[in-house]
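File shown here: data.cif, holding mmCIF, C-alpha atoms.
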```cif
data_coords
#
loop_
_atom_site.label_atom_id
_atom_site.label_comp_id
_atom_site.auth_asym_id
_atom_site.auth_seq_id
_atom_site.Cartn_x
_atom_site.Cartn_y
_atom_site.Cartn_z
CA MET A 1 34.45 32.84 53.43
CA VAL A 2 38.10 32.98 52.40
CA LEU A 3 40.48 31.18 54.77
CA ALA A 4 43.92 32.83 54.79
CA ILE A 5 46.82 30.60 55.83
CA ALA A 6 50.48 31.53 56.15
CA TYR A 7 53.65 29.65 57.05
CA PRO A 8 57.36 30.01 56.24
CA SER A 9 58.04 28.90 52.66
CA THR A 10 60.47 29.24 49.80
CA ALA A 11 59.90 31.59 46.87
CA ALA A 12 58.60 28.59 44.90
CA GLY A 13 56.01 27.88 47.59
CA ASP A 14 57.57 24.84 49.24
CA PRO A 15 57.27 24.85 53.04
CA HIS A 16 60.42 25.30 55.06
CA ARG A 17 61.28 22.37 57.34
CA LEU A 18 58.54 22.91 59.91
CA SER A 19 58.79 21.48 63.41
CA ALA A 20 55.98 19.41 64.88
CA GLN A 21 55.27 22.28 67.27
CA LYS A 22 54.96 24.78 64.40
CA ILE A 23 52.67 22.46 62.44
CA ALA A 24 50.52 21.96 65.54
CA SER A 25 50.29 25.73 65.98
CA ILE A 26 49.14 26.18 62.38
CA ALA A 27 46.60 23.36 62.71
CA SER A 28 45.22 24.67 65.99
CA ASP A 29 44.87 28.19 64.61
CA ILE A 30 43.01 26.99 61.52
CA ARG A 31 40.73 24.78 63.60
CA SER A 32 39.89 27.62 65.99
CA ARG A 33 39.01 29.96 63.12
CA LEU A 34 36.83 27.33 61.48
CA PHE A 35 35.15 25.76 64.51
CA GLY A 36 35.77 27.94 67.56
CA ILE A 37 37.50 27.01 70.78
CA GLN A 38 35.21 24.27 72.10
CA PRO A 39 36.69 20.75 72.35
CA ARG A 40 34.27 19.02 70.02
CA PRO A 41 34.66 16.76 66.96
CA VAL A 42 35.51 18.30 63.61
CA ASP A 43 32.41 18.23 61.42
CA VAL A 44 33.46 17.05 57.95
CA ALA A 45 30.50 18.66 56.19
CA ALA A 46 31.32 21.98 57.85
CA LEU A 47 35.01 21.57 56.98
CA ILE A 48 34.08 21.16 53.32
CA ALA A 49 31.72 24.12 53.37
CA LYS A 50 34.18 26.44 55.10
CA THR A 51 37.29 25.62 53.06
CA ALA A 52 36.07 26.07 49.52
CA ARG A 53 38.27 29.14 49.11
CA LEU A 54 41.77 29.47 50.55
CA VAL A 55 44.63 31.90 50.24
CA VAL A 56 47.87 30.13 51.18
CA ASN A 57 50.88 32.43 51.46
CA GLY A 58 49.15 34.77 49.04
CA LYS A 59 48.19 31.99 46.57
CA PRO A 60 44.40 31.76 45.90
CA ILE A 61 43.18 28.16 45.92
CA THR A 62 39.73 26.78 45.25
CA LEU A 63 39.18 23.48 47.03
CA SER A 64 36.83 21.11 45.26
CA TRP A 65 35.75 18.40 47.70
CA GLY A 66 34.14 15.09 46.78
CA LEU A 67 32.84 12.23 48.92
CA ASP A 68 30.99 10.26 46.30
CA ARG A 69 33.46 8.67 43.91
CA PRO A 70 35.63 5.56 44.23
CA ILE A 71 39.36 6.14 44.63
CA HIS A 72 42.16 3.78 43.65
CA ASP A 73 45.91 3.77 44.07
CA GLU A 74 48.42 3.29 41.28
CA ASN A 75 47.99 -0.51 41.56
CA GLY A 76 44.22 -0.36 41.19
CA HIS A 77 43.47 -1.03 44.86
CA GLU A 78 40.88 1.07 46.66
CA ALA A 79 42.31 4.05 48.52
CA LEU A 80 40.92 6.11 51.38
CA GLY A 81 41.49 9.55 49.91
CA VAL A 82 43.34 11.65 47.40
CA CYS A 83 44.49 15.24 47.01
CA GLU A 84 45.41 16.28 43.47
CA ASN A 85 45.63 19.18 41.08
CA ASP A 86 45.29 19.65 37.33
CA PRO A 87 47.47 22.20 35.52
CA GLU A 88 44.49 22.91 33.26
CA LEU A 89 42.65 24.19 36.36
CA PRO A 90 45.45 26.40 37.70
CA ASP A 91 43.75 27.61 40.90
CA THR A 92 41.92 24.41 41.86
CA VAL A 93 42.83 21.52 44.15
CA MET A 94 40.62 18.44 44.26
CA ILE A 95 40.18 16.43 47.46
CA SER A 96 38.23 13.18 47.42
CA VAL A 97 37.44 10.88 50.32
CA ASN A 98 36.18 7.35 49.69
CA ALA A 99 33.03 7.73 51.77
CA SER A 100 31.37 4.66 50.25
CA LEU A 101 34.27 2.46 51.39
CA LEU A 102 34.22 4.15 54.81
CA ALA A 103 30.45 4.37 55.22
CA HIS A 104 30.56 2.75 58.66
CA GLN A 105 33.81 4.40 59.76
CA PRO A 106 33.08 8.11 60.21
CA GLU A 107 36.23 8.49 62.31
CA VAL A 108 38.37 7.39 59.37
CA ILE A 109 36.47 9.71 57.01
CA ARG A 110 37.32 12.53 59.42
CA SER A 111 41.03 11.69 59.67
CA THR A 112 41.37 11.12 55.92
CA ALA A 113 39.74 14.47 55.16
CA ALA A 114 42.10 16.24 57.56
CA HIS A 115 45.14 14.48 56.09
CA GLU A 116 44.24 15.43 52.51
CA PHE A 117 43.43 18.98 53.64
CA ALA A 118 47.00 19.18 54.96
CA HIS A 119 48.36 18.21 51.55
CA ALA A 120 46.29 20.97 49.96
CA ILE A 121 47.72 23.52 52.39
CA PHE A 122 51.38 22.52 52.41
CA ASP A 123 52.10 20.71 49.17
CA MET A 124 49.86 22.13 46.48
CA PRO A 125 50.93 25.82 46.34
CA ALA A 126 54.36 24.92 44.93
CA ALA A 127 52.90 22.39 42.48
CA MET A 128 50.34 24.87 41.23
CA GLY A 129 52.91 27.66 40.96
CA GLY A 130 55.19 25.42 38.93
CA ASN A 131 52.34 24.13 36.73
CA ILE A 132 53.11 20.59 37.94
CA ARG A 133 50.53 17.85 38.41
CA ARG A 134 50.81 16.24 41.83
CA THR A 135 48.75 13.51 43.46
CA PHE A 136 48.76 12.38 47.08
CA ARG A 137 46.84 9.22 48.02
CA THR A 138 46.03 7.75 51.40
CA SER A 139 46.18 3.98 51.08
CA VAL A 140 43.96 1.48 52.87
CA ALA A 141 47.12 -0.24 54.14
CA PRO A 142 49.76 2.49 54.49
CA ALA A 143 53.35 1.48 53.88
CA ILE A 144 55.39 0.73 56.98
CA ALA A 145 58.77 2.42 56.94
CA LYS A 146 61.70 0.06 57.27
CA PRO A 147 64.17 0.69 60.12
CA GLY A 148 66.74 3.21 58.97
CA ALA A 149 64.68 4.31 55.97
CA PRO A 150 64.52 8.09 55.40
CA ILE A 151 61.46 9.86 56.74
CA ASN A 152 58.83 10.84 54.20
CA TRP A 153 58.59 14.44 55.37
CA VAL A 154 55.59 15.22 53.18
CA GLU A 155 53.49 12.46 54.77
CA TRP A 156 54.92 13.13 58.22
CA ARG A 157 53.85 16.77 57.94
CA ALA A 158 50.34 15.81 56.82
CA ASP A 159 50.02 13.37 59.71
CA GLU A 160 51.25 15.90 62.26
CA PHE A 161 48.71 18.43 60.97
CA MET A 162 45.92 15.85 61.01
CA GLY A 163 46.58 14.89 64.62
CA ALA A 164 46.77 18.46 65.91
CA PHE A 165 43.77 19.54 63.84
CA LEU A 166 41.44 16.79 65.04
CA VAL A 167 42.69 16.56 68.64
CA PRO A 168 44.58 19.74 69.63
CA ALA A 169 46.71 19.33 72.75
CA ASP A 170 45.15 22.34 74.49
CA LYS A 171 41.62 21.03 73.99
CA LEU A 172 42.62 17.54 75.07
CA ALA A 173 44.10 19.05 78.24
CA ARG A 174 40.75 20.72 78.96
CA VAL A 175 38.64 17.58 78.80
CA LEU A 176 41.00 14.90 80.11
CA PRO A 177 40.62 15.74 83.84
CA LYS A 178 36.83 15.47 83.63
CA HIS A 179 36.95 12.08 81.94
CA ALA A 180 39.70 10.78 84.21
CA SER A 181 37.80 11.86 87.32
CA ALA A 182 34.62 10.18 86.09
CA LEU A 183 36.56 6.93 85.82
CA ASP A 184 38.36 7.43 89.17
CA LEU A 185 41.71 7.37 87.41
CA PRO A 186 44.61 9.10 89.16
CA PHE A 187 45.98 12.18 87.44
CA ARG A 188 48.05 15.19 88.37
CA TRP A 189 49.29 18.36 86.73
CA ARG A 190 52.85 18.72 85.62
CA ALA A 191 54.96 20.86 83.33
CA ALA A 192 55.66 19.58 79.84
CA PRO A 193 59.01 20.33 78.17
CA ASP A 194 57.41 23.10 76.08
CA GLY A 195 56.21 24.90 79.23
CA ARG A 196 52.58 23.85 79.10
CA SER A 197 50.88 22.65 82.25
CA VAL A 198 49.28 19.34 81.33
CA PRO A 199 47.16 16.78 83.17
CA PHE A 200 49.09 13.56 83.46
CA VAL A 201 47.36 10.22 84.05
CA ASP A 202 49.59 8.45 86.52
CA LEU A 203 49.30 5.01 84.96
CA ASP A 204 51.60 3.11 82.68
CA PRO A 205 50.20 2.81 79.13
CA SER A 206 50.08 -0.99 79.60
CA GLU A 207 47.45 -0.62 82.35
CA GLY A 208 44.14 -2.07 81.17
CA THR A 209 42.03 0.59 82.90
CA LEU A 210 43.68 3.24 80.77
CA GLY A 211 41.77 1.83 77.81
CA LEU A 212 38.50 3.10 79.27
CA LEU A 213 39.86 6.64 79.28
CA VAL A 214 41.20 6.29 75.75
CA ASP A 215 37.80 5.06 74.54
CA ASP A 216 35.94 7.91 76.26
CA LEU A 217 38.24 10.58 74.83
CA ALA A 218 38.16 9.00 71.37
CA GLU A 219 34.37 9.21 71.46
CA ALA A 220 34.49 12.83 72.64
CA PHE A 221 36.57 13.85 69.60
CA SER A 222 35.08 11.23 67.23
CA VAL A 223 38.39 9.60 66.37
CA THR A 224 39.52 6.00 66.71
CA ALA A 225 40.96 4.68 69.97
CA ALA A 226 44.28 4.09 68.21
CA PHE A 227 44.32 7.71 67.03
CA MET A 228 43.58 8.96 70.55
CA SER A 229 46.28 6.75 72.07
CA VAL A 230 48.85 8.41 69.81
CA ARG A 231 47.61 11.90 70.71
CA LEU A 232 47.78 11.14 74.44
CA ALA A 233 51.29 9.75 74.17
CA LYS A 234 52.60 12.53 71.91
CA GLY A 235 51.14 15.19 74.18
CA GLY A 236 52.68 13.64 77.29
CA PHE A 237 49.32 12.96 78.94
CA ILE A 238 49.96 9.28 79.72
CA GLY A 239 52.82 7.01 80.66
CA ARG A 240 56.03 8.06 82.36
CA ARG A 241 57.71 9.89 79.47
CA PHE A 242 58.85 12.93 81.47
CA GLU A 243 60.35 10.92 84.30
CA THR A 244 62.98 9.45 81.98
CA GLY A 245 64.00 12.86 80.67
CA SER A 246 62.46 12.33 77.21
CA THR A 247 60.82 15.15 75.31
CA LEU A 248 57.57 15.46 73.43
#
```

Could you render the structure as structure tokens?
Amino acid sequence: MVLAIAYPSTAAGDPHRLSAQKIASIASDIRSRLFGIQPRPVDVAALIAKTARLVVNGKPITLSWGLDRPIHDENGHEALGVCENDPELPDTVMISVNASLLAHQPEVIRSTAAHEFAHAIFDMPAAMGGNIRRTFRTSVAPAIAKPGAPINWVEWRADEFMGAFLVPADKLARVLPKHASALDLPFRWRAAPDGRSVPFVDLDPSEGTLGLLVDDLAEAFSVTAAFMSVRLAKGGFIGRRFETGSTL
């Protein structure tokens, strides 16, 4: 299987400044082609098997995945994952996930794999075309941006892809009403700023009972509760974001 992926880019292969909505569209399309339309967890073994060969904006890429070697950052501390290339292997990108460190955290293995996959898609074509060695690591304790610091667009893009790939908004919208009803939580349908009709849980995020829904949905997609909380908030499924005139 060869997975073809396209997005707006420069002649050198660098992505144009992609909006969160565009990144989500790319992620959702790739997920649907790999795993179908059902709202189920991403299977990491299947992801590895189905993405060995890519063509990104016409650039052939062989993905070499590894889950069985330790990974360290530039300071020698263990890292969660890495995406890198080697100019001596001009068509190959290596992705490693520290599965031994994360043996009891399959949800983090899943999110790390999706994050590094995003780097392979968006950041490696230009590096490979320019014969440049590039390395992207996911740290155990990611750096916290200081107020006013510039956004790291490369990592922001990878995170946006990861979120939409593992928990697409359309699939979350399909399963949320069932889980909310099972917990007797109030919800209603309303229009999001992008025109989608979304189920909206009519509770403030500080409500304790909302945690039960977050836990149930996190289990349904095999992600952490913190991950699911972000997806619910970003998609406008919880809280009172729309009532204050804010956008997604």

(request) Write out as a PyMOL selection string the residues lying within 6 Å of A:Glu84, counting all atoms listed in the file and excluding same-chain residues fewer than 2 positions away. (result) chain A and resi 93-94+134-135

Saved selection, atoms kept: C-alpha atoms, as a compact mmCIF listing (two decimals), keeping the file's coordinate frame:
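New file selection_7.txt:
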```
# COMPACT_ATOMS: atom_id res chain seq x y z
CA VAL A 93 42.83 21.52 44.15
CA MET A 94 40.62 18.44 44.26
CA ARG A 134 50.81 16.24 41.83
CA THR A 135 48.75 13.51 43.46
```

(request) For the file shown, report as an MDAnalysis selection string the outcome of the PyMOL selection byres ((chain A and resi 79) around 9) at residue level. (result) chainID A and resid 70:73 76:78 80:82 97:98 101 137:141

(message) With distances taken over only C-alpha atoms, which residue among A:Ser100, A:Ser197, A:Thr51, A:Ser111 lies nearest A:Ser222?
(response) A:Ser111

Residue neighbourhood A:Pro177, 12 Å, all atoms listed in the file, exclusion window fewer than 3 positions, as a short mmCIF file (atom, residue, chain, number, x, y, z; two decimals) with C-alpha atoms, in the coordinates of the input:
```cif
data_model
loop_
_atom_site.label_atom_id
_atom_site.label_comp_id
_atom_site.auth_asym_id
_atom_site.auth_seq_id
_atom_site.Cartn_x
_atom_site.Cartn_y
_atom_site.Cartn_z
CA LYS A 171 41.62 21.03 73.99
CA LEU A 172 42.62 17.54 75.07
CA ALA A 173 44.10 19.05 78.24
CA ARG A 174 40.75 20.72 78.96
CA ALA A 180 39.70 10.78 84.21
CA SER A 181 37.80 11.86 87.32
CA ALA A 182 34.62 10.18 86.09
CA LEU A 183 36.56 6.93 85.82
CA ASP A 184 38.36 7.43 89.17
CA LEU A 185 41.71 7.37 87.41
CA PRO A 186 44.61 9.10 89.16
CA PHE A 187 45.98 12.18 87.44
CA ARG A 188 48.05 15.19 88.37
CA TRP A 189 49.29 18.36 86.73
CA VAL A 198 49.28 19.34 81.33
CA PRO A 199 47.16 16.78 83.17
CA PHE A 200 49.09 13.56 83.46
CA VAL A 201 47.36 10.22 84.05
CA ASP A 202 49.59 8.45 86.52
CA LEU A 213 39.86 6.64 79.28
CA ASP A 216 35.94 7.91 76.26
CA LEU A 217 38.24 10.58 74.83
CA PHE A 237 49.32 12.96 78.94
#
```

(message) Take the PyMOL selection byres ((chain A and resi 148-153) around 12), run it mentally on this structure, and tell me the resulting residues as an MDAnalysis selection string.
(response) chainID A and resid 15:20 119 122:123 143:147 154:160

Please produce an output containing C-alpha atoms for each residue in the selection, written as a PDB file, in the coordinates of the input.
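The resulting file, result.pdb, is shown below:
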```
ATOM      1  CA  PRO A  15      57.270  24.850  53.040  1.00  0.00           C
ATOM      2  CA  HIS A  16      60.420  25.300  55.060  1.00  0.00           C
ATOM      3  CA  ARG A  17      61.280  22.370  57.340  1.00  0.00           C
ATOM      4  CA  LEU A  18      58.540  22.910  59.910  1.00  0.00           C
ATOM      5  CA  SER A  19      58.790  21.480  63.410  1.00  0.00           C
ATOM      6  CA  ALA A  20      55.980  19.410  64.880  1.00  0.00           C
ATOM      7  CA  HIS A 119      48.360  18.210  51.550  1.00  0.00           C
ATOM      8  CA  PHE A 122      51.380  22.520  52.410  1.00  0.00           C
ATOM      9  CA  ASP A 123      52.100  20.710  49.170  1.00  0.00           C
ATOM     10  CA  ALA A 143      53.350   1.480  53.880  1.00  0.00           C
ATOM     11  CA  ILE A 144      55.390   0.730  56.980  1.00  0.00           C
ATOM     12  CA  ALA A 145      58.770   2.420  56.940  1.00  0.00           C
ATOM     13  CA  LYS A 146      61.700   0.060  57.270  1.00  0.00           C
ATOM     14  CA  PRO A 147      64.170   0.690  60.120  1.00  0.00           C
ATOM     15  CA  VAL A 154      55.590  15.220  53.180  1.00  0.00           C
ATOM     16  CA  GLU A 155      53.490  12.460  54.770  1.00  0.00           C
ATOM     17  CA  TRP A 156      54.920  13.130  58.220  1.00  0.00           C
ATOM     18  CA  ARG A 157      53.850  16.770  57.940  1.00  0.00           C
ATOM     19  CA  ALA A 158      50.340  15.810  56.820  1.00  0.00           C
ATOM     20  CA  ASP A 159      50.020  13.370  59.710  1.00  0.00           C
ATOM     21  CA  GLU A 160      51.250  15.900  62.260  1.00  0.00           C
TER      22      GLU A 160
END
```

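Evaluating the PyMOL selection byres ((chain A and resi 25) around 12) against the shown model yields Ile5, Ala6, Tyr7, Leu18, Ser19, Ala20, Gln21, Lys22, Ile23, Ala24, Ile26, Ala27, Ser28, Asp29, Ile30, Arg31, Ser32, Glu160, Phe161, Met162, Gly163, Ala164, Phe165, Pro168, Ala169 and Asp170 of chain A.
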
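Pairwise distance (atom CA of A:Pro90, atom CA of A:Val42) equals 28.9 Å.
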
(message) Which residue is closest to A:Pro87? Choose from A:Ala45, A:Ala225, A:Ala4, A:Ala127 and count all atoms listed in the file.
(response) A:Ala127
